[in-house]
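Have a look at coords-v6.pdb; it's PDB, C-alpha atoms and all ligand atoms:
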```
ATOM      1  CA  MET A  20     283.265 112.565  12.784  1.00  0.00           C
ATOM      2  CA  PRO A  21     281.763 115.642  11.153  1.00  0.00           C
ATOM      3  CA  SER A  22     283.974 118.612  10.860  1.00  0.00           C
ATOM      4  CA  TYR A  23     281.609 120.936  12.794  1.00  0.00           C
ATOM      5  CA  TYR A  24     282.248 118.803  15.860  1.00  0.00           C
ATOM      6  CA  TYR A  25     285.819 119.966  15.940  1.00  0.00           C
ATOM      7  CA  SER A  26     284.919 123.494  15.127  1.00  0.00           C
ATOM      8  CA  GLY A  27     282.432 123.330  17.983  1.00  0.00           C
ATOM      9  CA  ILE A  28     285.172 122.247  20.329  1.00  0.00           C
ATOM     10  CA  GLY A  29     287.339 124.979  18.920  1.00  0.00           C
ATOM     11  CA  VAL A  30     284.693 127.614  19.623  1.00  0.00           C
ATOM     12  CA  LEU A  31     284.055 126.203  23.103  1.00  0.00           C
ATOM     13  CA  SER A  32     287.722 126.123  24.000  1.00  0.00           C
ATOM     14  CA  GLY A  33     288.078 129.597  22.587  1.00  0.00           C
ATOM     15  CA  ILE A  34     285.300 130.817  24.835  1.00  0.00           C
ATOM     16  CA  ILE A  35     286.890 129.098  27.817  1.00  0.00           C
ATOM     17  CA  ILE A  36     290.255 130.667  27.072  1.00  0.00           C
ATOM     18  CA  LEU A  37     288.572 134.043  26.664  1.00  0.00           C
ATOM     19  CA  VAL A  38     286.750 133.674  29.967  1.00  0.00           C
ATOM     20  CA  VAL A  39     289.943 132.604  31.699  1.00  0.00           C
ATOM     21  CA  CYS A  40     291.808 135.523  30.218  1.00  0.00           C
ATOM     22  CA  ILE A  41     289.109 137.969  31.288  1.00  0.00           C
ATOM     23  CA  GLY A  42     289.072 136.423  34.727  1.00  0.00           C
ATOM     24  CA  ALA A  43     292.823 136.725  34.924  1.00  0.00           C
ATOM     25  CA  ALA A  44     292.628 140.328  33.759  1.00  0.00           C
ATOM     26  CA  VAL A  45     289.982 141.067  36.350  1.00  0.00           C
ATOM     27  CA  GLY A  46     292.095 139.458  39.060  1.00  0.00           C
ATOM     28  CA  LEU A  47     295.339 141.023  37.933  1.00  0.00           C
ATOM     29  CA  ALA A  48     293.762 144.445  37.700  1.00  0.00           C
ATOM     30  CA  PHE A  49     293.320 144.386  41.464  1.00  0.00           C
ATOM     31  CA  ILE A  50     297.082 144.459  41.959  1.00  0.00           C
ATOM     32  CA  PRO A  51     297.781 147.936  40.555  1.00  0.00           C
ATOM     33  CA  ALA A  52     294.420 149.085  41.910  1.00  0.00           C
ATOM     34  CA  ASN A  53     295.413 148.081  45.425  1.00  0.00           C
ATOM     35  CA  ILE A  54     298.829 149.684  45.089  1.00  0.00           C
ATOM     36  CA  ALA A  55     297.258 152.880  43.801  1.00  0.00           C
ATOM     37  CA  ARG A  56     294.675 152.900  46.569  1.00  0.00           C
ATOM     38  CA  LYS A  57     297.374 152.600  49.213  1.00  0.00           C
ATOM     39  CA  LYS A  58     299.043 155.619  47.664  1.00  0.00           C
ATOM     40  CA  GLY A  59     295.830 157.556  47.752  1.00  0.00           C
ATOM     41  CA  TYR A  60     294.792 157.253  44.137  1.00  0.00           C
ATOM     42  CA  SER A  61     291.593 156.146  42.506  1.00  0.00           C
ATOM     43  CA  TYR A  62     291.006 152.445  43.019  1.00  0.00           C
ATOM     44  CA  GLY A  63     288.465 152.101  40.253  1.00  0.00           C
ATOM     45  CA  GLY A  64     290.528 154.097  37.806  1.00  0.00           C
ATOM     46  CA  PHE A  65     293.599 151.947  38.276  1.00  0.00           C
ATOM     47  CA  TRP A  66     291.500 148.831  38.226  1.00  0.00           C
ATOM     48  CA  ALA A  67     290.113 149.822  34.810  1.00  0.00           C
ATOM     49  CA  LEU A  68     293.590 150.699  33.598  1.00  0.00           C
ATOM     50  CA  GLY A  69     294.914 147.399  34.912  1.00  0.00           C
ATOM     51  CA  PHE A  70     292.113 145.511  33.250  1.00  0.00           C
ATOM     52  CA  PHE A  71     293.102 146.743  29.820  1.00  0.00           C
ATOM     53  CA  PHE A  72     296.813 147.483  30.315  1.00  0.00           C
ATOM     54  CA  PHE A  73     297.946 145.478  33.279  1.00  0.00           C
ATOM     55  CA  LEU A  74     301.661 146.164  32.896  1.00  0.00           C
ATOM     56  CA  ILE A  75     301.209 149.888  32.334  1.00  0.00           C
ATOM     57  CA  ALA A  76     298.883 150.163  35.316  1.00  0.00           C
ATOM     58  CA  LEU A  77     301.292 148.183  37.486  1.00  0.00           C
ATOM     59  CA  ILE A  78     304.285 150.309  36.478  1.00  0.00           C
ATOM     60  CA  VAL A  79     302.352 153.543  36.928  1.00  0.00           C
ATOM     61  CA  ALA A  80     300.994 152.406  40.293  1.00  0.00           C
ATOM     62  CA  LEU A  81     304.498 151.525  41.451  1.00  0.00           C
ATOM     63  CA  CYS A  82     306.110 154.709  40.201  1.00  0.00           C
ATOM     64  CA  ILE A  83     303.560 157.346  41.122  1.00  0.00           C
ATOM     65  CA  GLN A  84     304.188 159.486  44.141  1.00  0.00           C
ATOM     66  CA  ASP A  85     302.650 158.287  47.338  1.00  0.00           C
ATOM     67  CA  LYS A  86     300.163 160.886  48.373  1.00  0.00           C
ATOM     68  CA  ASN A  87     300.142 159.655  51.943  1.00  0.00           C
ATOM     69  CA  VAL A  88     303.870 160.037  52.615  1.00  0.00           C
ATOM     70  CA  PRO A  89     304.803 163.629  53.281  1.00  0.00           C
ATOM     71  CA  GLN A  90     307.545 164.830  50.973  1.00  0.00           C
ATOM     72  CA  TYR A  91     310.437 166.115  53.015  1.00  0.00           C
ATOM     73  CA  GLY A  92     312.071 169.268  51.845  1.00  0.00           C
ATOM     74  CA  GLN A  93     308.902 170.446  50.266  1.00  0.00           C
ATOM     75  CA  TYR A  94     307.209 173.334  51.881  1.00  0.00           C
ATOM     76  CA  GLN A  95     304.022 172.079  53.309  1.00  0.00           C
ATOM     77  CA  GLN A  96     301.241 174.464  53.608  1.00  0.00           C
ATOM     78  CA  PRO A  97     299.456 174.236  56.876  1.00  0.00           C
ATOM     79  CA  TYR A  98     296.214 172.485  56.602  1.00  0.00           C
ATOM     80  CA  GLN A  99     293.592 174.859  55.560  1.00  0.00           C
ATOM     81  CA  GLN A 100     290.045 174.174  56.205  1.00  0.00           C
ATOM     82  CA  PRO A 101     287.944 174.763  53.193  1.00  0.00           C
ATOM     83  CA  TYR A 102     286.084 177.989  53.428  1.00  0.00           C
ATOM     84  CA  GLN A 103     282.856 177.366  55.120  1.00  0.00           C
ATOM     85  CA  GLN A 104     280.063 179.722  54.693  1.00  0.00           C
ATOM     86  CA  PRO A 105     278.266 180.398  57.869  1.00  0.00           C
ATOM     87  CA  TYR A 106     275.122 178.457  58.044  1.00  0.00           C
ATOM     88  CA  GLN A 107     272.372 180.381  56.525  1.00  0.00           C
ATOM     89  CA  GLN A 108     268.886 179.563  57.292  1.00  0.00           C
ATOM     90  CA  PRO A 109     266.711 179.551  54.265  1.00  0.00           C
ATOM     91  CA  TYR A 110     264.820 182.761  53.938  1.00  0.00           C
ATOM     92  CA  GLN A 111     261.752 182.577  56.022  1.00  0.00           C
ATOM     93  CA  GLN A 112     258.918 184.891  55.529  1.00  0.00           C
ATOM     94  CA  PRO A 113     257.737 186.291  58.764  1.00  0.00           C
ATOM     95  CA  TYR A 114     254.769 184.433  59.958  1.00  0.00           C
ATOM     96  CA  GLN A 115     251.685 186.088  58.787  1.00  0.00           C
ATOM     97  CA  GLN A 116     248.513 185.418  60.559  1.00  0.00           C
ATOM     98  CA  PRO A 117     245.586 185.134  58.281  1.00  0.00           C
ATOM     99  CA  TYR A 118     243.721 188.381  58.184  1.00  0.00           C
ATOM    100  CA  GLN A 119     241.442 188.606  61.084  1.00  0.00           C
ATOM    101  CA  GLN A 120     238.803 191.171  61.372  1.00  0.00           C
ATOM    102  CA  PRO A 121     238.987 192.892  64.665  1.00  0.00           C
ATOM    103  CA  TYR A 122     236.633 191.348  67.074  1.00  0.00           C
ATOM    104  CA  GLN A 123     233.371 193.089  66.882  1.00  0.00           C
ATOM    105  CA  GLN A 124     231.102 192.936  69.780  1.00  0.00           C
ATOM    106  CA  PRO A 125     227.537 192.530  68.820  1.00  0.00           C
ATOM    107  CA  TYR A 126     225.829 195.822  68.758  1.00  0.00           C
ATOM    108  CA  GLN A 127     224.677 196.833  72.129  1.00  0.00           C
ATOM    109  CA  ALA A 128     222.415 199.709  72.563  1.00  0.00           C
ATOM    110  CA  PRO A 129     223.533 202.133  75.174  1.00  0.00           C
ATOM    111  CA  ASN A 130     222.286 201.076  78.486  1.00  0.00           C
ATOM    112  CA  ALA A 131     219.022 202.857  78.096  1.00  0.00           C
ATOM    113  CA  GLN A 132     216.593 203.176  80.850  1.00  0.00           C
ATOM    114  CA  PRO A 133     213.840 200.647  80.510  1.00  0.00           C
ATOM    115  CA  GLN A 134     210.752 202.177  79.179  1.00  0.00           C
ATOM    116  CA  THR A 135     208.562 200.507  81.769  1.00  0.00           C
ATOM    117  CA  VAL A 136     208.938 199.425  85.318  1.00  0.00           C
ATOM    118  CA  VAL A 137     207.243 196.529  86.974  1.00  0.00           C
ATOM    119  CA  CYS A 138     205.156 197.429  89.912  1.00  0.00           C
ATOM    120  CA  PRO A 139     206.512 195.653  92.992  1.00  0.00           C
ATOM    121  CA  SER A 140     203.047 195.487  94.442  1.00  0.00           C
ATOM    122  CA  CYS A 141     200.741 194.230  91.659  1.00  0.00           C
ATOM    123  CA  GLY A 142     203.234 193.186  88.974  1.00  0.00           C
ATOM    124  CA  SER A 143     201.810 195.294  86.225  1.00  0.00           C
ATOM    125  CA  SER A 144     204.059 197.458  84.103  1.00  0.00           C
ATOM    126  CA  ALA A 145     204.024 201.130  84.595  1.00  0.00           C
ATOM    127  CA  ALA A 146     205.687 203.925  82.695  1.00  0.00           C
ATOM    128  CA  ALA A 147     209.237 204.397  83.777  1.00  0.00           C
ATOM    129  CA  ASP A 148     208.845 208.017  84.491  1.00  0.00           C
ATOM    130  CA  SER A 149     205.716 207.529  86.487  1.00  0.00           C
ATOM    131  CA  ALA A 150     206.106 207.666  90.191  1.00  0.00           C
ATOM    132  CA  PHE A 151     203.157 205.536  91.121  1.00  0.00           C
ATOM    133  CA  CYS A 152     201.560 202.446  89.639  1.00  0.00           C
ATOM    134  CA  PRO A 153     198.599 203.402  87.520  1.00  0.00           C
ATOM    135  CA  LYS A 154     196.683 200.308  88.663  1.00  0.00           C
ATOM    136  CA  CYS A 155     197.259 199.975  92.317  1.00  0.00           C
ATOM    137  CA  GLY A 156     198.808 203.308  93.103  1.00  0.00           C
ATOM    138  CA  ALA A 157     201.867 201.862  94.778  1.00  0.00           C
ATOM    139  CA  LYS A 158     205.082 203.726  94.569  1.00  0.00           C
ATOM    140  CA  VAL A 159     207.184 202.311  91.772  1.00  0.00           C
ATOM    141  CA  ASN A 160     210.098 204.736  91.653  1.00  0.00           C
TER
HETATM  142 ZN    ZN A 201     200.601 198.324  91.018  1.00  0.00          ZN
END
```

The structure in this file should be written as structure tokens.
Ligand SMILES: [Zn+2]
Amino acid sequence: MPSYYYSGIGVLSGIIILVVCIGAAVGLAFIPANIARKKGYSYGGFWALGFFFFLIALIVALCIQDKNVPQYGQYQQPYQQPYQQPYQQPYQQPYQQPYQQPYQQPYQAPNAQPQTVVCPSCGSSAAADSAFCPKCGAKVN
């Protein structure tokens, strides 16, 4: 048997032991993390602490004050709502209509008297100021 065979087994078993240890650390870290979470502390923080220092994390998690249990004898401030600013609408510019030119009526000449009148008798045009049709002599005004 070549010697690297054994060293290979040694490396493999070392890896397995390492993986098992990490797995155990991961699993064990949940214990202080759960305790800390029940007491109102950071779950992730205690999990990380428990991963590296399981015993320290466990002791700390067991000894720290439970945030959820009210401490008798201690003056408890009444619950204060955090200051809430009144809702402010974002500044809105007043609506500005695009500039519109005032409506301009098309130019209309003052209602001038027509310059000619149509003769009701023959249909020819006659001067407006004339009283009779220049062609047929009928009265146009
Ligand atoms: Zn006429």

Legend entry - Surrounding residues of Ala147 in chain A excluding itself and chain neighbours under 6 positions, 6 Å, only C-alpha atoms, as a list of chain:residue names: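 Non-adjacent residues within range: A:Gln134, A:Thr135, A:Val136.
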
Selection from above, C-alpha atoms, as an mmCIF file, in the coordinates of the input, can you write it?
```cif
data_model
loop_
_atom_site.group_PDB
_atom_site.id
_atom_site.type_symbol
_atom_site.label_atom_id
_atom_site.label_comp_id
_atom_site.auth_asym_id
_atom_site.auth_seq_id
_atom_site.Cartn_x
_atom_site.Cartn_y
_atom_site.Cartn_z
ATOM 1 C CA GLN A 134 210.752 202.177 79.179
ATOM 2 C CA THR A 135 208.562 200.507 81.769
ATOM 3 C CA VAL A 136 208.938 199.425 85.318
#
```

Return as a Markdown table the residues of chain A lying at most 12 Å from ligand ZN 201 (chain A), together with the closest atom-to-atom pair for each and the distance in Å to one decimal, counting all atoms listed in the file, with rows in chain order and ascending residue number.
```
| residue | atom | partner | partner_atom | distance |
| --- | --- | --- | --- | --- |
| A:Val136 | CA | A:ZN201 | ZN | 10.2 |
| A:Val137 | CA | A:ZN201 | ZN | 8.0 |
| A:Cys138 | CA | A:ZN201 | ZN | 4.8 |
| A:Pro139 | CA | A:ZN201 | ZN | 6.8 |
| A:Ser140 | CA | A:ZN201 | ZN | 5.1 |
| A:Cys141 | CA | A:ZN201 | ZN | 4.1 |
| A:Gly142 | CA | A:ZN201 | ZN | 6.1 |
| A:Ser143 | CA | A:ZN201 | ZN | 5.8 |
| A:Ser144 | CA | A:ZN201 | ZN | 7.8 |
| A:Ala145 | CA | A:ZN201 | ZN | 7.8 |
| A:Ala146 | CA | A:ZN201 | ZN | 11.2 |
| A:Ser149 | CA | A:ZN201 | ZN | 11.5 |
| A:Ala150 | CA | A:ZN201 | ZN | 10.9 |
| A:Phe151 | CA | A:ZN201 | ZN | 7.7 |
| A:Cys152 | CA | A:ZN201 | ZN | 4.5 |
| A:Pro153 | CA | A:ZN201 | ZN | 6.5 |
| A:Lys154 | CA | A:ZN201 | ZN | 5.0 |
| A:Cys155 | CA | A:ZN201 | ZN | 3.9 |
| A:Gly156 | CA | A:ZN201 | ZN | 5.7 |
| A:Ala157 | CA | A:ZN201 | ZN | 5.3 |
| A:Lys158 | CA | A:ZN201 | ZN | 7.9 |
| A:Val159 | CA | A:ZN201 | ZN | 7.7 |
| A:Asn160 | CA | A:ZN201 | ZN | 11.5 |
```

Legend entry - Counting all atoms listed in the file, the option among A:Trp66, A:Ile54, A:Gln115, A:Gly29 closest to Asp85 in chain A: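 Among the listed residues, A:Ile54 lies closest to Asp85 in chain A.
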
Legend entry - Interatomic distance (Å, one decimal) between CA of Gln84 in chain A and CA of Lys58 in chain A: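 Rounded to one decimal, the two atoms are 7.3 Å apart.
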
What are the centre and edge lengths in Å, to one decimal, of the axis-aligned box around all listed atoms of range 74-90 of chain A with 5 Å added on each side, as JSON?
```
{"center_x": 303.2, "center_y": 155.5, "center_z": 42.8, "size_x": 18.7, "size_y": 28.7, "size_z": 30.9}
```

Run the PyMOL selection byres (((chain A and resi 74) around 12) and not hetatm) mentally over the shown coordinates, then write out the matched residues as a PDB file with C-alpha atoms, keeping the file's coordinate frame, using the chain letters and numbers from the document.
```pdb
ATOM      1  CA  ALA A  44     292.628 140.328  33.759  1.00  0.00           C
ATOM      2  CA  LEU A  47     295.339 141.023  37.933  1.00  0.00           C
ATOM      3  CA  ALA A  48     293.762 144.445  37.700  1.00  0.00           C
ATOM      4  CA  ILE A  50     297.082 144.459  41.959  1.00  0.00           C
ATOM      5  CA  PRO A  51     297.781 147.936  40.555  1.00  0.00           C
ATOM      6  CA  ALA A  52     294.420 149.085  41.910  1.00  0.00           C
ATOM      7  CA  PHE A  65     293.599 151.947  38.276  1.00  0.00           C
ATOM      8  CA  TRP A  66     291.500 148.831  38.226  1.00  0.00           C
ATOM      9  CA  LEU A  68     293.590 150.699  33.598  1.00  0.00           C
ATOM     10  CA  GLY A  69     294.914 147.399  34.912  1.00  0.00           C
ATOM     11  CA  PHE A  70     292.113 145.511  33.250  1.00  0.00           C
ATOM     12  CA  PHE A  71     293.102 146.743  29.820  1.00  0.00           C
ATOM     13  CA  PHE A  72     296.813 147.483  30.315  1.00  0.00           C
ATOM     14  CA  PHE A  73     297.946 145.478  33.279  1.00  0.00           C
ATOM     15  CA  ILE A  75     301.209 149.888  32.334  1.00  0.00           C
ATOM     16  CA  ALA A  76     298.883 150.163  35.316  1.00  0.00           C
ATOM     17  CA  LEU A  77     301.292 148.183  37.486  1.00  0.00           C
ATOM     18  CA  ILE A  78     304.285 150.309  36.478  1.00  0.00           C
ATOM     19  CA  VAL A  79     302.352 153.543  36.928  1.00  0.00           C
ATOM     20  CA  ALA A  80     300.994 152.406  40.293  1.00  0.00           C
ATOM     21  CA  LEU A  81     304.498 151.525  41.451  1.00  0.00           C
TER      22      LEU A  81
END
```

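Candidate residues A:Pro121, A:Gly33, A:Gly63, A:Pro113 were compared for distance to Val45 in chain A, and the nearest is A:Gly63, using only C-alpha atoms.
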
Legend entry - Atomic distance CA of Val39 in chain A - CA of Lys57 in chain A, expressed in Å with one decimal: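 We find that CA of Val39 in chain A and CA of Lys57 in chain A lie 27.6 Å from each other.
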
Inset, instruction - In Å, rounded to a single decimal, give me how far CA of Gly27 in chain A is from CA of Ala43 in chain A. - result: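 Atom-to-atom, CA of Ala43 in chain A to CA of Gly27 in chain A, that is 24.0 Å.
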
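Proximity to Arg56 in chain A was assessed for A:Pro105, A:Ile28, A:Gln120, A:Ile83 counting only C-alpha atoms; the smallest distance is recorded for A:Ile83.
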